[in-house]
There are 2 protein chains.
Amino acid sequence: MPDYPKVKYKEEGMREGMQIEDAQISIEDKVELLDMLSETGLQQIVVGSFVSPKWTPQMERIDEIVTKFKPKPGVTYTALALNSRGVERAKAYSPPLTIERDAFPRLNVHMCDVFVRRNTNRTQMQEMERWPQVIAQAQELNIKEAGVGTNASWGSNFMGEFPVDNLMTMLERQHSMWDEVGIAVRSASMGDPMSHCTPAKVEESVYRVKERWPEINHIRLHLHNGRNMAIASAYAAMRVLGPDDTLELDGTIGGFGGCPYCGNGRSTGMAPTEDLLHMMEDMGIPTGVDIDKLIDCVWTAERIMGRELYGHVSKAGPRPKSVESLYDINMPFVETTESAKHFKKGPGTYEGGIYPYSEPITSPYRDRVNAGGNAYDDANGDFPWKQDWFPAKG
Amino acid sequence: MPDYPKVKYKEEGMREGMQIEDAQISIEDKVELLDMLSETGLQQIVVGSFVSPKWTPQMERIDEIVTKFKPKPGVTYTALALNSRGVERAKAYSPPLTIERDAFPRLNVHMCDVFVRRNTNRTQMQEMERWPQVIAQAQELNIKEAGVGTNASWGSNFMGEFPVDNLMTMLERQHSMWDEVGIAVRSASMGDPMSHCTPAKVEESVYRVKERWPEINHIRLHLHNGRNMAIASAYAAMRVLGPDDTLELDGTIGGFGGCPYCGNGRSTGMAPTEDLLHMMEDMGIPTGVDIDKLIDCVWTAERIMGRELYGHVSKAGPRPKSVESLYDINMPFVETTESAKHFKKGPGTYEGGIYPYSEPITSPYRDRVNAGGNAYDDANGDFPWKQDWFPAKG
């Protein structure tokens, strides 16, 4: 079994999700959802953003949300702010908010000059012009470790694909500027606002960063899911990082989300938190999150939004592993998505379904599992051909 | 760049998809969808199944479908049959149907004794009892190459998780039986009717099969997507196979599908064909499929089913790469899923959207792309810091 990295996960539903939904969703609904998220075990939750209500009316009443929600001790709550005015507004609510600061002073740049103009009213050149200033400030503060980063890392809806070579050249340039002042680079961030990630490109990028600069042990990925590649890309990154690395990932419950500037609207989405964390648990990467409570959050979000969201584990349920969670071997047909919700709602959801068996299903394997054993005791254990009665012997 | 395997893809929407949908969907709608699928470039299409109309009324009128659809030369059409009666029914329509035969005589077994009883009214032991018969028949026919295989390979909703060790023990036993009669094993099949695949387990399984038996160069994966792991798992398999290997994959347009026996109903699903093939194209694995036509099929399927299906590329559109497909850099806000469909429906979908810019967006990078160049000419090319005017020099 591979040694996977540590993963730090940030729930973005209240920000990336809500910013593209109906601005009329009530504060009560939003606070209810945020309070439910707080109880899941998630450690980092973005509550919304302090941005212009003119262009993002969905966040107009963010002040009320941060006033009314119940902060859970141990959870870090942050809010996005895109300029100093936003930061000032957020500071009025700290605590409970933690004013979001990158763990490392970072040189960052959008690979796509069009997207950065559309989204933040700046040019790529203006982003780069800030680099010397970021470095000077880090020197002043006597900071020893810094970061590099790109956004729209693999491609853009307005410019097409960016080869990984281009991304590496950008990071190389940033790295050399930190080198010149003797500040070590420990973190590389790669954003993907327009869903151009693929597992192959993410794997190649993370691999090349680690190969070029083994001392970079923090990788941050902000992946959008408009082309259904976010989970596979996150897996690809976990695959090439090791236990001394920290992988920072973002996603949203249900996978909802989007931005009005990228051209994909609500079809942008992110990795569904419940699906991604469910995968991580299976891989032995601890999340500390109760998937069942996360599914409650998704169902609540679906009620609020009035439609099904993208995630799957909230519909089919987690892979049952404990005896208590195994399905009834004599359950009737389960056909609709509503009856499939028996994993939380109980057998009433499929009551009256077609039962096609003339005699009840039984199985000696399930008996063994029910008694606390494994279906197959171990790899060389109680397989049928170990038994005298097995007919297919040599 | 890794050398990926050849991929053979089978579209299962008309079978895995339709078998869990409303039995009242009209034959005209089904034939229309099947005929559209034929025009996409897909090479293997399952048209439905010849099974008992009592338990699968959705397939009751399969005879009409195979009579009315327009077979496309070069496309292989198959139908599922679970017993000899089903095979006889299918044979009446061959051609156009190809009677589905595994390319290799195969020893196969469900890891889950409960699921095989529920789904096919057989026990695991009865499956194994057939092994000597399969081998004897292969010997009679003087067949030189054979296959091994498991179903419910990684776990079951009725029995929990099966460690990869168990799967390997099953394959080992099958392999040794072929060894004893001197028939070479070239293919390993792993099915997953209950969505227990994860990329880590699929990767481990495929890796261990190849490590143990390097001469196995056909891997077949039938992965369900109830926990959103099918695409990541397919990627993981591509990752560990090489150009001398063939990977056989199944999926459904839109990702719909399910079976009434597994307990997840319509929430089961498979990898959305359009998303998976779009990924493969980006990886340089040829599919021969026109993604745009595939999206037409998804939209038609959504009209027929009266709801959105699971796939993403049909909603956000493919990653634009050609100049013609790049988005208008002055497009207004795109917020809804309907306006996001501009990638096929044109700018009318977002007409009247908020335009937040005081002056039109321009970008020298996009000008370069429009003129037929790359945004960044090459890895060491026309990056800003190569220019005299770049302000952030050392």
# chains A, B, ... in the order shown; residues from 1 in each chain; ligands from 1

call {"tool": "residues_around", "arguments": {"residues": "segment 352-355 of chain B", "least_positions_apart": "5", "cutoff": "12 Å", "atoms": "only C-alpha atoms", "output": "list in words"}}
result
Lys54, Trp55, Thr56, Arg118, Asn119, Pro260, Tyr261, Gly263 and Gly265 of chain A; Ile329, Asn330, Met331, Pro332, Phe333, Val334, Glu335, Thr336, Ser339, Ala340, Pro347, Pro360 and Ile361 of chain B

call {"tool": "write_last_selection", "arguments": {"atoms": "N, CA, C and O atoms", "output": "mmCIF file, in the first residue's frame"}}
result
data_model
loop_
_atom_site.group_PDB
_atom_site.id
_atom_site.type_symbol
_atom_site.label_atom_id
_atom_site.label_comp_id
_atom_site.auth_asym_id
_atom_site.auth_seq_id
_atom_site.Cartn_x
_atom_site.Cartn_y
_atom_site.Cartn_z
ATOM 1 N N LYS A 54 -22.870 44.489 -5.333
ATOM 2 C CA LYS A 54 -23.396 44.849 -6.648
ATOM 3 C C LYS A 54 -23.239 43.676 -7.613
ATOM 4 O O LYS A 54 -24.154 43.335 -8.349
ATOM 5 N N TRP A 55 -22.059 43.047 -7.608
ATOM 6 C CA TRP A 55 -21.799 41.963 -8.558
ATOM 7 C C TRP A 55 -22.049 40.591 -7.951
ATOM 8 O O TRP A 55 -22.192 39.615 -8.670
ATOM 9 N N THR A 56 -22.051 40.507 -6.628
ATOM 10 C CA THR A 56 -22.304 39.217 -5.982
ATOM 11 C C THR A 56 -23.375 39.398 -4.910
ATOM 12 O O THR A 56 -23.095 39.354 -3.710
ATOM 13 N N ARG A 118 -11.149 39.367 -16.205
ATOM 14 C CA ARG A 118 -12.598 39.236 -16.029
ATOM 15 C C ARG A 118 -12.972 39.096 -14.555
ATOM 16 O O ARG A 118 -13.961 39.640 -14.084
ATOM 17 N N ASN A 119 -12.178 38.339 -13.816
ATOM 18 C CA ASN A 119 -12.563 37.960 -12.456
ATOM 19 C C ASN A 119 -12.148 38.991 -11.424
ATOM 20 O O ASN A 119 -12.850 39.202 -10.440
ATOM 21 N N PRO A 260 -19.537 33.367 -12.045
ATOM 22 C CA PRO A 260 -20.185 33.923 -13.240
ATOM 23 C C PRO A 260 -19.197 34.354 -14.321
ATOM 24 O O PRO A 260 -19.595 34.613 -15.446
ATOM 25 N N TYR A 261 -17.890 34.422 -13.944
ATOM 26 C CA TYR A 261 -16.890 34.963 -14.868
ATOM 27 C C TYR A 261 -16.270 33.916 -15.792
ATOM 28 O O TYR A 261 -15.674 34.245 -16.796
ATOM 29 N N GLY A 263 -17.651 31.378 -17.429
ATOM 30 C CA GLY A 263 -18.407 30.948 -18.599
ATOM 31 C C GLY A 263 -19.136 29.630 -18.418
ATOM 32 O O GLY A 263 -19.831 29.179 -19.317
ATOM 33 N N GLY A 265 -20.900 28.944 -15.280
ATOM 34 C CA GLY A 265 -21.965 29.133 -14.297
ATOM 35 C C GLY A 265 -22.051 27.983 -13.310
ATOM 36 O O GLY A 265 -21.035 27.492 -12.816
ATOM 37 N N ILE B 329 -14.308 36.552 -24.927
ATOM 38 C CA ILE B 329 -13.720 37.138 -23.718
ATOM 39 C C ILE B 329 -14.590 38.262 -23.158
ATOM 40 O O ILE B 329 -14.397 38.684 -22.026
ATOM 41 N N ASN B 330 -15.568 38.688 -23.929
ATOM 42 C CA ASN B 330 -16.495 39.705 -23.428
ATOM 43 C C ASN B 330 -17.891 39.161 -23.162
ATOM 44 O O ASN B 330 -18.859 39.917 -23.105
ATOM 45 N N MET B 331 -17.983 37.855 -22.981
ATOM 46 C CA MET B 331 -19.289 37.301 -22.624
ATOM 47 C C MET B 331 -19.709 37.868 -21.270
ATOM 48 O O MET B 331 -18.873 38.140 -20.408
ATOM 49 N N PRO B 332 -21.016 38.091 -21.092
ATOM 50 C CA PRO B 332 -21.475 38.596 -19.785
ATOM 51 C C PRO B 332 -21.460 37.467 -18.752
ATOM 52 O O PRO B 332 -20.965 36.378 -19.032
ATOM 53 N N PHE B 333 -21.989 37.727 -17.571
ATOM 54 C CA PHE B 333 -22.128 36.695 -16.550
ATOM 55 C C PHE B 333 -22.837 35.474 -17.139
ATOM 56 O O PHE B 333 -23.854 35.602 -17.830
ATOM 57 N N VAL B 334 -22.306 34.315 -16.845
ATOM 58 C CA VAL B 334 -22.999 33.059 -17.131
ATOM 59 C C VAL B 334 -23.271 32.427 -15.777
ATOM 60 O O VAL B 334 -22.335 32.119 -15.035
ATOM 61 N N GLU B 335 -24.545 32.262 -15.425
ATOM 62 C CA GLU B 335 -24.853 31.803 -14.067
ATOM 63 C C GLU B 335 -25.610 30.479 -14.037
ATOM 64 O O GLU B 335 -25.287 29.592 -13.266
ATOM 65 N N THR B 336 -26.605 30.329 -14.878
ATOM 66 C CA THR B 336 -27.445 29.129 -14.795
ATOM 67 C C THR B 336 -26.871 27.993 -15.643
ATOM 68 O O THR B 336 -26.008 28.208 -16.497
ATOM 69 N N SER B 339 -27.793 28.781 -19.302
ATOM 70 C CA SER B 339 -26.928 29.729 -20.026
ATOM 71 C C SER B 339 -25.546 29.129 -20.271
ATOM 72 O O SER B 339 -24.858 29.499 -21.222
ATOM 73 N N ALA B 340 -25.153 28.162 -19.435
ATOM 74 C CA ALA B 340 -23.847 27.510 -19.629
ATOM 75 C C ALA B 340 -23.814 26.667 -20.901
ATOM 76 O O ALA B 340 -22.746 26.271 -21.359
ATOM 77 N N PRO B 347 -24.358 32.113 -28.276
ATOM 78 C CA PRO B 347 -24.392 33.201 -27.294
ATOM 79 C C PRO B 347 -25.802 33.621 -26.879
ATOM 80 O O PRO B 347 -25.962 34.334 -25.882
ATOM 81 N N PRO B 360 -14.422 47.188 -22.607
ATOM 82 C CA PRO B 360 -14.306 45.799 -23.073
ATOM 83 C C PRO B 360 -12.982 45.170 -22.643
ATOM 84 O O PRO B 360 -11.949 45.839 -22.597
ATOM 85 N N ILE B 361 -13.045 43.885 -22.330
ATOM 86 C CA ILE B 361 -11.846 43.108 -22.007
ATOM 87 C C ILE B 361 -11.011 42.932 -23.277
ATOM 88 O O ILE B 361 -11.546 42.619 -24.344
#

call {"tool": "residues_around", "arguments": {"residues": "Pro286 of chain B", "least_positions_apart": "4", "cutoff": "9 Å", "atoms": "only C-alpha atoms", "output": "PDB file with N, CA and C atoms, in the first residue's frame"}}
result
ATOM      1  N   LYS B   6      -4.044   0.545 -24.911  1.00  0.00           N
ATOM      2  CA  LYS B   6      -5.181   0.700 -25.828  1.00  0.00           C
ATOM      3  C   LYS B   6      -6.456   0.546 -25.003  1.00  0.00           C
ATOM      4  N   VAL B   7      -7.482   1.294 -25.350  1.00  0.00           N
ATOM      5  CA  VAL B   7      -8.747   1.173 -24.615  1.00  0.00           C
ATOM      6  C   VAL B   7      -9.858   0.771 -25.581  1.00  0.00           C
ATOM      7  N   LEU B 277     -14.448   9.559 -21.982  1.00  0.00           N
ATOM      8  CA  LEU B 277     -13.796   9.637 -23.290  1.00  0.00           C
ATOM      9  C   LEU B 277     -13.134  10.999 -23.506  1.00  0.00           C
ATOM     10  N   MET B 280      -9.873  10.698 -21.912  1.00  0.00           N
ATOM     11  CA  MET B 280      -8.951   9.879 -22.700  1.00  0.00           C
ATOM     12  C   MET B 280      -8.382  10.662 -23.875  1.00  0.00           C
ATOM     13  N   GLU B 281      -9.223  11.422 -24.549  1.00  0.00           N
ATOM     14  CA  GLU B 281      -8.745  12.233 -25.674  1.00  0.00           C
ATOM     15  C   GLU B 281      -7.631  13.168 -25.215  1.00  0.00           C
TER      16      GLU B 281
END

call {"tool": "residues_around", "arguments": {"residues": "segment 180-188 of chain B", "least_positions_apart": "4", "cutoff": "9 Å", "atoms": "only C-alpha atoms", "output": "ChimeraX atom specification"}}
result
/A:394 /B:103-104,106,135,138-139,143-150,171,175-176,206,209,213,215-221

call {"tool": "closest_residue", "arguments": {"among": "B:Val75, B:Gly48, B:Glu172, B:Cys262", "to": "Ala152 of chain B", "atoms": "only C-alpha atoms"}}
result
B:Cys262

call {"tool": "residues_around", "arguments": {"residues": "Asn157 of chain A", "least_positions_apart": "2", "cutoff": "9 Å", "atoms": "only C-alpha atoms", "output": "VMD selection string"}}
result
(chain A and resid 115 155 159 to 161 194 to 196 262 to 264) or (chain B and resid 319 to 321 325 to 329)

call {"tool": "residues_around", "arguments": {"residues": "segment 76-78 of chain A", "least_positions_apart": "6", "cutoff": "6 Å", "atoms": "only C-alpha atoms", "output": "compact mmCIF listing (two decimals) with N, CA, C and O atoms, in the first residue's frame"}}
result
# COMPACT_ATOMS: atom_id res chain seq x y z
N GLN A 44 -11.92 22.95 8.36
CA GLN A 44 -11.81 24.27 7.73
C GLN A 44 -13.06 24.52 6.91
O GLN A 44 -13.34 23.77 5.97
N ILE A 45 -13.75 25.59 7.24
CA ILE A 45 -14.98 25.92 6.52
C ILE A 45 -14.93 27.38 6.08
O ILE A 45 -14.67 28.27 6.89
N VAL A 46 -15.15 27.60 4.80
CA VAL A 46 -15.26 28.97 4.30
C VAL A 46 -16.73 29.37 4.43
O VAL A 46 -17.61 28.65 3.97
N LEU A 97 -14.27 34.59 12.86
CA LEU A 97 -13.51 34.32 11.64
C LEU A 97 -12.02 34.37 11.91
O LEU A 97 -11.55 35.17 12.72
N THR A 98 -11.31 33.51 11.24
CA THR A 98 -9.86 33.64 11.15
C THR A 98 -9.59 34.38 9.86
O THR A 98 -10.10 34.01 8.80
N GLU A 100 -8.12 35.03 6.71
CA GLU A 100 -7.41 34.06 5.89
C GLU A 100 -6.07 34.62 5.44
O GLU A 100 -6.01 35.60 4.71

call {"tool": "select_by_dssp", "arguments": {"residues": "segment 240-298 of chain B", "states": "helix (DSSP H, G or I)", "output": "PyMOL selection string"}}
result
chain B and resi 240+253-255+265-267+273-283+291-298

call {"tool": "closest_residue", "arguments": {"among": "A:Asp3, A:Asp22, A:Glu140, A:Asp29", "to": "Gly257 of chain A", "atoms": "only C-alpha atoms"}}
result
A:Asp22

call {"tool": "select_by_dssp", "arguments": {"residues": "segment 172-248 of chain A", "states": "strand (DSSP E or B)", "output": "MDAnalysis selection string"}}
result
chainID A and resid 184:192 218:224 246:248

call {"tool": "write_last_selection", "arguments": {"atoms": "C-alpha atoms", "output": "short mmCIF file (atom, residue, chain, number, x, y, z; two decimals), in the first residue's frame"}}
result
data_model
loop_
_atom_site.label_atom_id
_atom_site.label_comp_id
_atom_site.auth_asym_id
_atom_site.auth_seq_id
_atom_site.Cartn_x
_atom_site.Cartn_y
_atom_site.Cartn_z
CA ALA A 184 13.27 28.72 0.96
CA VAL A 185 10.26 27.65 -1.08
CA ARG A 186 8.12 25.04 0.69
CA SER A 187 4.75 25.35 -0.98
CA ALA A 188 3.36 25.21 -4.50
CA SER A 189 -0.24 26.10 -5.23
CA MET A 190 -2.10 25.24 -8.42
CA GLY A 191 -5.58 26.60 -9.00
CA ASP A 192 -8.06 25.63 -11.68
CA HIS A 218 3.06 21.58 0.72
CA ILE A 219 0.96 21.21 -2.41
CA ARG A 220 -2.27 23.15 -2.65
CA LEU A 221 -4.86 22.26 -5.30
CA HIS A 222 -8.06 24.19 -5.92
CA LEU A 223 -9.79 22.13 -8.60
CA HIS A 224 -13.09 22.79 -10.31
CA THR A 246 0.79 17.90 2.94
CA LEU A 247 -1.86 18.13 0.25
CA GLU A 248 -4.37 20.95 0.64
#

call {"tool": "atom_distance", "arguments": {"atom1": "atom CA of Gly255 of chain B", "atom2": "atom CA of Gly348 of chain A"}}
result
27.0 Å

call {"tool": "atom_distance", "arguments": {"atom1": "atom CA of Leu37 of chain B", "atom2": "atom CA of Ala230 of chain B"}}
result
21.4 Å

call {"tool": "atom_distance", "arguments": {"atom1": "atom CA of Lys344 of chain B", "atom2": "atom CA of Ile20 of chain A"}}
result
21.5 Å
